[in-house]
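**Q** So I've got this file, work-v6.cif, and it contains mmCIF, C-alpha atoms:
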```cif
data_model
loop_
_atom_site.group_PDB
_atom_site.id
_atom_site.type_symbol
_atom_site.label_atom_id
_atom_site.label_comp_id
_atom_site.auth_asym_id
_atom_site.auth_seq_id
_atom_site.Cartn_x
_atom_site.Cartn_y
_atom_site.Cartn_z
ATOM 1 C CA MET A 1 154.034 103.540 150.554
ATOM 2 C CA ARG A 2 150.550 104.949 150.248
ATOM 3 C CA VAL A 3 149.787 108.637 150.509
ATOM 4 C CA ARG A 4 146.669 110.683 150.056
ATOM 5 C CA VAL A 5 146.876 113.856 147.990
ATOM 6 C CA ASP A 6 144.227 116.590 148.147
ATOM 7 C CA TYR A 7 143.827 119.236 145.466
ATOM 8 C CA PHE A 8 142.321 122.676 145.994
ATOM 9 C CA ALA A 9 141.298 125.606 143.794
ATOM 10 C CA MET A 10 143.223 125.822 140.501
ATOM 11 C CA LEU A 11 145.090 122.596 141.204
ATOM 12 C CA ARG A 12 141.797 120.767 141.746
ATOM 13 C CA GLU A 13 140.539 122.044 138.414
ATOM 14 C CA ARG A 14 143.707 121.141 136.568
ATOM 15 C CA ALA A 15 143.908 117.684 138.125
ATOM 16 C CA GLY A 16 140.199 117.129 137.567
ATOM 17 C CA LEU A 17 139.820 115.549 141.005
ATOM 18 C CA GLU A 18 139.593 116.539 144.664
ATOM 19 C CA HIS A 19 141.826 113.858 146.091
ATOM 20 C CA GLU A 20 143.476 110.570 145.343
ATOM 21 C CA THR A 21 145.291 107.858 147.247
ATOM 22 C CA LEU A 22 148.307 106.423 145.512
ATOM 23 C CA GLU A 23 151.290 104.135 145.870
ATOM 24 C CA THR A 24 154.502 106.078 145.489
ATOM 25 C CA ARG A 25 158.231 105.752 145.942
ATOM 26 C CA ALA A 26 158.559 109.519 146.390
ATOM 27 C CA ALA A 27 160.437 110.238 149.617
ATOM 28 C CA THR A 28 159.552 113.932 149.808
ATOM 29 C CA PRO A 29 156.738 116.264 148.695
ATOM 30 C CA ARG A 30 159.130 117.609 146.036
ATOM 31 C CA GLU A 31 159.526 114.140 144.503
ATOM 32 C CA LEU A 32 155.818 113.459 144.790
ATOM 33 C CA TYR A 33 154.998 116.699 142.985
ATOM 34 C CA ARG A 34 157.466 115.851 140.240
ATOM 35 C CA GLU A 35 155.796 112.456 139.856
ATOM 36 C CA LEU A 36 152.254 113.861 139.764
ATOM 37 C CA ALA A 37 152.783 117.054 137.766
ATOM 38 C CA PRO A 38 152.734 115.494 134.283
ATOM 39 C CA ARG A 39 149.977 113.024 135.139
ATOM 40 C CA ARG A 40 147.713 115.665 136.675
ATOM 41 C CA ASP A 41 148.635 118.624 134.485
ATOM 42 C CA LEU A 42 150.001 120.569 137.466
ATOM 43 C CA PRO A 43 151.922 123.828 136.952
ATOM 44 C CA ALA A 44 155.573 124.434 137.883
ATOM 45 C CA GLN A 45 156.194 124.011 141.598
ATOM 46 C CA THR A 46 157.510 127.594 141.935
ATOM 47 C CA GLY A 47 155.282 129.705 144.184
ATOM 48 C CA LEU A 48 153.484 126.697 145.653
ATOM 49 C CA LYS A 49 153.664 125.561 149.264
ATOM 50 C CA VAL A 50 153.009 122.146 150.709
ATOM 51 C CA ALA A 51 151.295 120.795 153.799
ATOM 52 C CA VAL A 52 151.739 117.313 155.247
ATOM 53 C CA ASN A 53 149.085 116.146 157.711
ATOM 54 C CA ASP A 54 147.663 119.670 157.883
ATOM 55 C CA GLU A 55 150.933 121.436 158.742
ATOM 56 C CA PHE A 56 153.062 123.550 156.412
ATOM 57 C CA ARG A 57 156.257 121.609 155.673
ATOM 58 C CA ALA A 58 159.450 122.048 153.651
ATOM 59 C CA TRP A 59 159.522 120.495 150.182
ATOM 60 C CA ASP A 60 162.223 118.104 151.432
ATOM 61 C CA TRP A 61 160.192 116.856 154.425
ATOM 62 C CA ARG A 62 160.341 113.030 154.688
ATOM 63 C CA LEU A 63 157.021 111.464 153.788
ATOM 64 C CA ALA A 64 155.663 108.495 155.720
ATOM 65 C CA ASP A 65 153.095 105.843 154.881
ATOM 66 C CA GLY A 66 149.559 107.159 155.327
ATOM 67 C CA ASP A 67 150.482 110.848 155.072
ATOM 68 C CA ARG A 68 148.041 113.373 153.680
ATOM 69 C CA VAL A 69 149.762 115.786 151.317
ATOM 70 C CA VAL A 70 148.247 119.035 150.066
ATOM 71 C CA PHE A 71 149.926 121.231 147.474
ATOM 72 C CA ILE A 72 148.994 124.851 148.111
ATOM 73 C CA PRO A 73 148.730 127.345 145.269
ATOM 74 C CA PRO A 74 149.247 131.055 146.071
ATOM 75 C CA VAL A 75 146.525 132.034 148.522
ATOM 76 C CA ALA A 76 143.985 134.764 147.835
ATOM 77 C CA GLY A 77 141.756 135.297 150.826
ATOM 78 C CA GLY A 78 140.196 138.620 151.792
ATOM 79 C CA MET B 1 134.213 128.462 169.689
ATOM 80 C CA SER B 2 137.439 129.267 167.951
ATOM 81 C CA ASP B 3 138.311 132.950 167.443
ATOM 82 C CA PHE B 4 139.173 132.236 163.811
ATOM 83 C CA ARG B 5 136.326 130.712 161.839
ATOM 84 C CA ILE B 6 135.431 129.670 158.346
ATOM 85 C CA SER B 7 131.777 130.328 157.576
ATOM 86 C CA ARG B 8 129.636 128.887 154.810
ATOM 87 C CA SER B 9 126.799 131.268 155.642
ATOM 88 C CA GLU B 10 126.549 135.050 155.547
ATOM 89 C CA ILE B 11 128.795 137.044 157.893
ATOM 90 C CA VAL B 12 126.757 139.488 159.990
ATOM 91 C CA PRO B 13 129.167 142.137 161.380
ATOM 92 C CA ALA B 14 126.762 143.206 164.156
ATOM 93 C CA GLU B 15 126.714 139.640 165.474
ATOM 94 C CA GLU B 16 130.478 139.292 165.225
ATOM 95 C CA ILE B 17 131.132 142.510 167.126
ATOM 96 C CA ALA B 18 129.087 141.213 170.043
ATOM 97 C CA GLY B 19 131.896 138.696 170.620
ATOM 98 C CA LEU B 20 134.362 141.478 171.428
ATOM 99 C CA GLU B 21 132.989 142.463 174.831
ATOM 100 C CA ASP B 22 135.812 143.212 177.222
ATOM 101 C CA ALA B 23 135.548 145.621 180.158
ATOM 102 C CA ALA B 24 139.277 146.417 180.000
ATOM 103 C CA SER B 25 139.194 147.425 176.331
ATOM 104 C CA GLY B 26 138.374 151.051 175.520
ATOM 105 C CA ALA B 27 138.846 150.719 171.766
ATOM 106 C CA VAL B 28 137.111 148.481 169.240
ATOM 107 C CA VAL B 29 138.194 148.400 165.597
ATOM 108 C CA SER B 30 136.566 146.204 163.005
ATOM 109 C CA PHE B 31 137.287 145.659 159.350
ATOM 110 C CA CYS B 32 134.949 144.140 156.807
ATOM 111 C CA GLY B 33 136.158 143.104 153.356
ATOM 112 C CA ARG B 34 133.268 142.954 150.869
ATOM 113 C CA VAL B 35 132.908 141.638 147.345
ATOM 114 C CA ARG B 36 133.625 144.445 144.865
ATOM 115 C CA ASN B 37 131.999 144.752 141.443
ATOM 116 C CA HIS B 38 135.317 145.166 139.644
ATOM 117 C CA ASN B 39 138.950 144.091 139.842
ATOM 118 C CA GLU B 40 141.912 145.342 137.824
ATOM 119 C CA GLY B 41 139.720 147.161 135.357
ATOM 120 C CA ARG B 42 137.346 144.238 134.784
ATOM 121 C CA ALA B 43 133.705 143.985 135.842
ATOM 122 C CA VAL B 44 133.116 141.199 138.376
ATOM 123 C CA THR B 45 129.700 139.576 138.804
ATOM 124 C CA ARG B 46 130.372 137.332 141.813
ATOM 125 C CA LEU B 47 133.113 135.564 143.745
ATOM 126 C CA GLU B 48 133.634 132.014 144.834
ATOM 127 C CA TYR B 49 135.844 131.196 147.833
ATOM 128 C CA GLU B 50 137.348 127.822 148.602
ATOM 129 C CA CYS B 51 139.514 126.873 151.569
ATOM 130 C CA TYR B 52 141.604 124.069 153.005
ATOM 131 C CA GLU B 53 139.742 124.220 156.262
ATOM 132 C CA GLU B 54 141.979 122.280 158.675
ATOM 133 C CA LEU B 55 145.053 124.330 157.812
ATOM 134 C CA ALA B 56 143.095 127.583 157.343
ATOM 135 C CA VAL B 57 141.808 127.385 160.900
ATOM 136 C CA SER B 58 145.165 126.464 162.443
ATOM 137 C CA GLU B 59 147.029 129.136 160.466
ATOM 138 C CA GLY B 60 144.308 131.697 161.235
ATOM 139 C CA GLU B 61 144.587 130.858 164.932
ATOM 140 C CA ARG B 62 148.361 131.264 164.667
ATOM 141 C CA VAL B 63 147.874 134.787 163.253
ATOM 142 C CA LEU B 64 145.543 135.679 166.118
ATOM 143 C CA GLY B 65 148.056 134.291 168.618
ATOM 144 C CA GLU B 66 150.765 136.501 167.141
ATOM 145 C CA VAL B 67 148.467 139.513 167.443
ATOM 146 C CA ARG B 68 147.726 138.835 171.100
ATOM 147 C CA GLU B 69 151.435 138.566 171.838
ATOM 148 C CA LYS B 70 152.549 141.500 169.712
ATOM 149 C CA PHE B 71 149.842 144.052 170.478
ATOM 150 C CA GLY B 72 148.501 142.913 173.841
ATOM 151 C CA VAL B 73 144.885 143.145 172.687
ATOM 152 C CA GLY B 74 141.936 142.143 174.865
ATOM 153 C CA LYS B 75 139.935 140.300 172.199
ATOM 154 C CA VAL B 76 140.570 139.494 168.568
ATOM 155 C CA ARG B 77 138.371 137.546 166.179
ATOM 156 C CA CYS B 78 138.256 136.822 162.476
ATOM 157 C CA VAL B 79 135.785 135.048 160.225
ATOM 158 C CA HIS B 80 136.185 134.259 156.521
ATOM 159 C CA ARG B 81 133.505 133.132 154.101
ATOM 160 C CA THR B 82 133.585 130.251 151.680
ATOM 161 C CA GLY B 83 131.167 129.411 148.880
ATOM 162 C CA ASP B 84 129.401 131.689 146.395
ATOM 163 C CA LEU B 85 129.261 135.387 147.254
ATOM 164 C CA ALA B 86 127.291 138.160 145.582
ATOM 165 C CA ILE B 87 128.557 141.717 145.078
ATOM 166 C CA GLY B 88 128.510 143.577 148.399
ATOM 167 C CA GLU B 89 128.509 140.495 150.619
ATOM 168 C CA PRO B 90 131.059 140.411 153.441
ATOM 169 C CA ALA B 91 133.915 138.041 152.563
ATOM 170 C CA VAL B 92 136.034 138.569 155.657
ATOM 171 C CA TRP B 93 135.566 140.281 159.003
ATOM 172 C CA VAL B 94 138.207 141.188 161.594
ATOM 173 C CA GLY B 95 137.460 142.651 165.015
ATOM 174 C CA VAL B 96 139.794 143.789 167.774
ATOM 175 C CA ALA B 97 139.133 145.112 171.263
ATOM 176 C CA ALA B 98 142.129 146.704 172.955
ATOM 177 C CA GLY B 99 143.002 149.152 175.675
ATOM 178 C CA HIS B 100 143.580 152.049 173.285
ATOM 179 C CA ARG B 101 143.018 152.899 169.636
ATOM 180 C CA GLU B 102 146.654 152.659 168.519
ATOM 181 C CA GLU B 103 146.982 148.962 169.217
ATOM 182 C CA ALA B 104 143.406 148.259 168.097
ATOM 183 C CA PHE B 105 144.000 149.769 164.630
ATOM 184 C CA ALA B 106 147.453 148.217 164.304
ATOM 185 C CA ALA B 107 146.225 144.776 165.365
ATOM 186 C CA ALA B 108 143.258 144.811 162.972
ATOM 187 C CA ARG B 109 145.561 145.801 160.125
ATOM 188 C CA PHE B 110 148.002 143.049 161.042
ATOM 189 C CA VAL B 111 145.275 140.392 161.084
ATOM 190 C CA ILE B 112 143.810 141.196 157.674
ATOM 191 C CA ASP B 113 147.253 141.536 156.053
ATOM 192 C CA GLU B 114 148.522 138.236 157.459
ATOM 193 C CA VAL B 115 145.291 136.352 156.726
ATOM 194 C CA LYS B 116 145.455 137.445 153.086
ATOM 195 C CA LYS B 117 149.097 136.377 152.861
ATOM 196 C CA ARG B 118 149.116 133.108 154.770
ATOM 197 C CA VAL B 119 145.765 131.423 155.230
ATOM 198 C CA PRO B 120 144.950 128.812 152.549
ATOM 199 C CA ILE B 121 141.851 130.384 151.035
ATOM 200 C CA TRP B 122 141.376 130.955 147.313
ATOM 201 C CA LYS B 123 138.974 133.042 145.303
ATOM 202 C CA ARG B 124 137.629 132.708 141.826
ATOM 203 C CA GLU B 125 136.220 135.712 140.006
ATOM 204 C CA HIS B 126 133.262 135.453 137.685
ATOM 205 C CA TYR B 127 132.860 137.982 134.867
ATOM 206 C CA PRO B 128 129.975 139.096 132.648
ATOM 207 C CA GLU B 129 131.787 137.340 129.789
ATOM 208 C CA GLY B 130 134.496 134.721 129.574
ATOM 209 C CA PRO B 131 135.565 131.957 131.934
ATOM 210 C CA ALA B 132 135.920 132.474 135.689
ATOM 211 C CA GLU B 133 139.496 132.806 136.947
ATOM 212 C CA TRP B 134 141.350 131.869 140.116
ATOM 213 C CA ILE B 135 143.074 134.952 141.481
ATOM 214 C CA ASN B 136 146.659 134.976 142.678
ATOM 215 C CA ALA B 137 146.406 137.832 145.122
ATOM 216 C CA ALA B 138 149.411 137.061 147.286
ATOM 217 C CA PRO B 139 152.593 138.837 146.206
ATOM 218 C CA PRO B 140 155.662 136.622 145.758
ATOM 219 C CA GLU B 141 157.842 136.072 148.855
ATOM 220 C CA GLY B 142 159.958 139.103 149.621
ATOM 221 C CA ALA B 143 157.896 141.443 147.448
#
```
Mind turning this structure into structure tokens?
**A**
Amino acid sequence: MRVRVDYFAMLRERAGLEHETLETRAATPRELYRELAPRRDLPAQTGLKVAVNDEFRAWDWRLADGDRVVFIPPVAGG
Amino acid sequence: MSDFRISRSEIVPAEEIAGLEDAASGAVVSFCGRVRNHNEGRAVTRLEYECYEELAVSEGERVLGEVREKFGVGKVRCVHRTGDLAIGEPAVWVGVAAGHREEAFAAARFVIDEVKKRVPIWKREHYPEGPAEWINAAPPEGA
């Protein structure tokens, strides 16, 4: 299936891109992160959150074709 | 307009406070977080904020909804900046109008604390020397 991944802040800098659309067999955000981490120089998943289609979701949420996935590093507003 | 906003242009507290009019509210509390010239012992020259806007707005709205339910406030609003900010510029503004001061102070405190913890906004500090750094301000879960 095809998913779109968006990168923000330190993840955007490490990945060197803002977003990408890719073919994946990953069934969950956890598997997708594991697939992308070495390719995009992403840090350990610990402390990160994930959103699917602009909602916070569990790392074991089932991904569907066309989903937009965003990995969320620790936030620092204010 | 939504009560939680992301703004790419300067926050003007006097304009924001005008949105808190409410004849039933006798107390207005506002909080403004500004860019400081130092952090953890290091001089800071400017800040850069970035956000995941779709989720920032929905999560920000969720925080304001919790405040309305929990504190029974008349009006509550919050605006957060993105982009490049100079020292002294407002980065975030929270305003609450409520019946009495107790709930107004408590609600304002709740909003800024939750926004800092939950809303997907990130800041990068720039220093007089050395590379800029993304700041991990949120404490780990349960801390």
**Q** Here's the selection I'm unsure about, the PyMOL selection byres ((chain B) within 9 of (chain A)); applied to the file above, which residues does it give, as JSON, numbers by chain?
**A** {"B": [33, 34, 49, 50, 51, 52, 54, 55, 58, 59, 80, 81, 91, 92, 93, 112, 113, 115, 116, 117, 118, 119, 120, 121, 122, 123, 124, 133, 134, 135, 136, 137, 138, 139, 140, 141]}
**Q** Please evaluate the PyMOL selection byres ((chain A and resi 12-21) around 9) against the displayed coordinates and give the resulting residues as a PyMOL selection string.
**A** chain A and resi 2-11+22-23+37+39-43+68
**Q** Name the residues in contact with A:Leu32 at a cut-off of 10 Å, using only C-alpha atoms, excluding same-chain residues fewer than 5 positions from it; report them as a ChimeraX atom specification.
**A** /A:3,5,24-27,37,59,63,69
**Q** Identify, on the basis of only C-alpha atoms, every residue whose closest approach to B:Ala132 does not exceed 10 Å; exclude the query and any residue fewer than 4 positions from it along the same chain; express the result as a ChimeraX atom specification.
**A** /B:44-48,124-128
**Q** Could you write out as a ChimeraX atom specification the residues that the PyMOL selection byres ((chain B and resi 62-72) around 7) matches in the shown file?
**A** /B:58-61,73-74,76,103,107,111,114
**Q** Looking at all atoms listed in the file, which of B:Glu10, B:Glu16, B:Asp22, B:Glu129 is the one that sits closest to B:Val94?
**A**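 Answer, going by the shortest atom-to-atom distance: B:Glu16.
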**Q** By how many Å are atom CA of A:Asp65 and atom CA of A:Arg34 apart?
**A**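 According to the coordinates, atom CA of A:Asp65 and atom CA of A:Arg34 are separated by 18.3 Å.
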**Q** Just to confirm, what's the straight-line distance from atom CA of A:Ala64 to atom CA of A:Gln45 in Å (one decimal)?
**A**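 Computing the Euclidean distance for atom CA of A:Ala64 and atom CA of A:Gln45 yields 21.0 Å.
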**Q** Kindly compute an axis-aligned box around the listed atoms of stretch 15-25 of chain A, allowing 6 Å on each side, and express its centre and edge lengths in Å to one decimal as AutoDock Vina command-line options.
**A**
```
--center_x 148.9 --center_y 110.9 --center_z 142.4 --size_x 30.6 --size_y 25.5 --size_z 21.7
```
**Q** May I have the residues within 12 Å of B:Ala23 as a list in words, using all atoms listed in the file and disregarding those fewer than 5 positions away in the same chain?
**A**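 Contacts, in chain order: Val28, Gly74, Lys75, Ala97, Ala98 and Gly99 of chain B.
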**Q** What does the distance between atom CA of B:Val79 and atom CA of B:Gly26 come to in Å, to one decimal place?
**A**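 Distance reported for this atom pair: 22.3 Å.
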**Q** Generate all heavy atoms for stretch 57-68 of chain B and emit them as a CSV table (one decimal), keeping the file's coordinate frame.
**A**
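What ended up in selection-v4.csv:
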```csv
chain,number,residue,atom,x,y,z
B,57,VAL,N,142.2,127.1,159.5
B,57,VAL,CA,141.8,127.4,160.9
B,57,VAL,C,143.1,127.4,161.8
B,57,VAL,O,143.3,128.3,162.6
B,57,VAL,CB,140.8,126.4,161.4
B,57,VAL,CG1,140.6,126.5,163.0
B,57,VAL,CG2,139.4,126.6,160.7
B,58,SER,N,144.0,126.5,161.6
B,58,SER,CA,145.2,126.5,162.4
B,58,SER,C,146.1,127.6,162.1
B,58,SER,O,146.6,128.3,163.0
B,58,SER,CB,145.9,125.1,162.4
B,58,SER,OG,146.4,124.9,161.1
B,59,GLU,N,146.2,128.0,160.8
B,59,GLU,CA,147.0,129.1,160.5
B,59,GLU,C,146.4,130.4,160.9
B,59,GLU,O,147.0,131.4,161.4
B,59,GLU,CB,147.3,129.1,159.0
B,59,GLU,CG,148.3,130.1,158.5
B,59,GLU,CD,149.8,129.9,159.0
B,59,GLU,OE1,150.0,128.8,159.6
B,59,GLU,OE2,150.6,130.7,158.8
B,60,GLY,N,145.0,130.5,160.8
B,60,GLY,CA,144.3,131.7,161.2
B,60,GLY,C,144.5,131.9,162.7
B,60,GLY,O,144.7,133.0,163.2
B,61,GLU,N,144.4,130.8,163.5
B,61,GLU,CA,144.6,130.9,164.9
B,61,GLU,C,146.0,131.3,165.3
B,61,GLU,O,146.2,132.0,166.2
B,61,GLU,CB,144.3,129.5,165.6
B,61,GLU,CG,142.8,129.2,165.7
B,61,GLU,CD,142.1,130.0,166.7
B,61,GLU,OE1,142.8,130.7,167.5
B,61,GLU,OE2,140.9,130.0,166.7
B,62,ARG,N,147.0,130.9,164.4
B,62,ARG,CA,148.4,131.3,164.7
B,62,ARG,C,148.5,132.8,164.5
B,62,ARG,O,149.2,133.4,165.3
B,62,ARG,CB,149.3,130.5,163.7
B,62,ARG,CG,150.7,130.3,164.2
B,62,ARG,CD,151.4,129.3,163.3
B,62,ARG,NE,150.9,127.9,163.5
B,62,ARG,CZ,150.7,127.1,162.5
B,62,ARG,NH1,151.0,127.4,161.2
B,62,ARG,NH2,150.2,125.9,162.7
B,63,VAL,N,147.8,133.3,163.5
B,63,VAL,CA,147.9,134.8,163.3
B,63,VAL,C,147.3,135.5,164.5
B,63,VAL,O,147.9,136.5,165.0
B,63,VAL,CB,147.1,135.2,162.0
B,63,VAL,CG1,146.9,136.7,161.9
B,63,VAL,CG2,147.8,134.6,160.7
B,64,LEU,N,146.2,135.0,165.0
B,64,LEU,CA,145.5,135.7,166.1
B,64,LEU,C,146.4,135.6,167.4
B,64,LEU,O,146.5,136.5,168.2
B,64,LEU,CB,144.2,135.1,166.4
B,64,LEU,CG,143.1,135.2,165.3
B,64,LEU,CD1,141.8,134.7,165.8
B,64,LEU,CD2,143.1,136.6,164.6
B,65,GLY,N,147.1,134.5,167.5
B,65,GLY,CA,148.1,134.3,168.6
B,65,GLY,C,149.2,135.3,168.5
B,65,GLY,O,149.6,135.9,169.6
B,66,GLU,N,149.7,135.5,167.3
B,66,GLU,CA,150.8,136.5,167.1
B,66,GLU,C,150.3,137.9,167.5
B,66,GLU,O,151.0,138.7,168.1
B,66,GLU,CB,151.2,136.5,165.7
B,66,GLU,CG,152.0,135.2,165.3
B,66,GLU,CD,152.3,135.0,163.8
B,66,GLU,OE1,152.1,136.0,163.1
B,66,GLU,OE2,152.6,133.9,163.4
B,67,VAL,N,149.0,138.2,167.1
B,67,VAL,CA,148.5,139.5,167.4
B,67,VAL,C,148.3,139.7,169.0
B,67,VAL,O,148.7,140.8,169.5
B,67,VAL,CB,147.1,139.7,166.8
B,67,VAL,CG1,146.3,140.8,167.4
B,67,VAL,CG2,147.3,139.9,165.3
B,68,ARG,N,147.9,138.7,169.6
B,68,ARG,CA,147.7,138.8,171.1
B,68,ARG,C,149.1,139.1,171.7
B,68,ARG,O,149.2,139.9,172.6
B,68,ARG,CB,147.1,137.6,171.7
B,68,ARG,CG,145.7,137.4,171.3
B,68,ARG,CD,145.1,136.1,172.0
B,68,ARG,NE,143.8,135.8,171.4
B,68,ARG,CZ,143.7,134.8,170.5
B,68,ARG,NH1,144.7,134.0,170.2
B,68,ARG,NH2,142.5,134.5,170.0
```
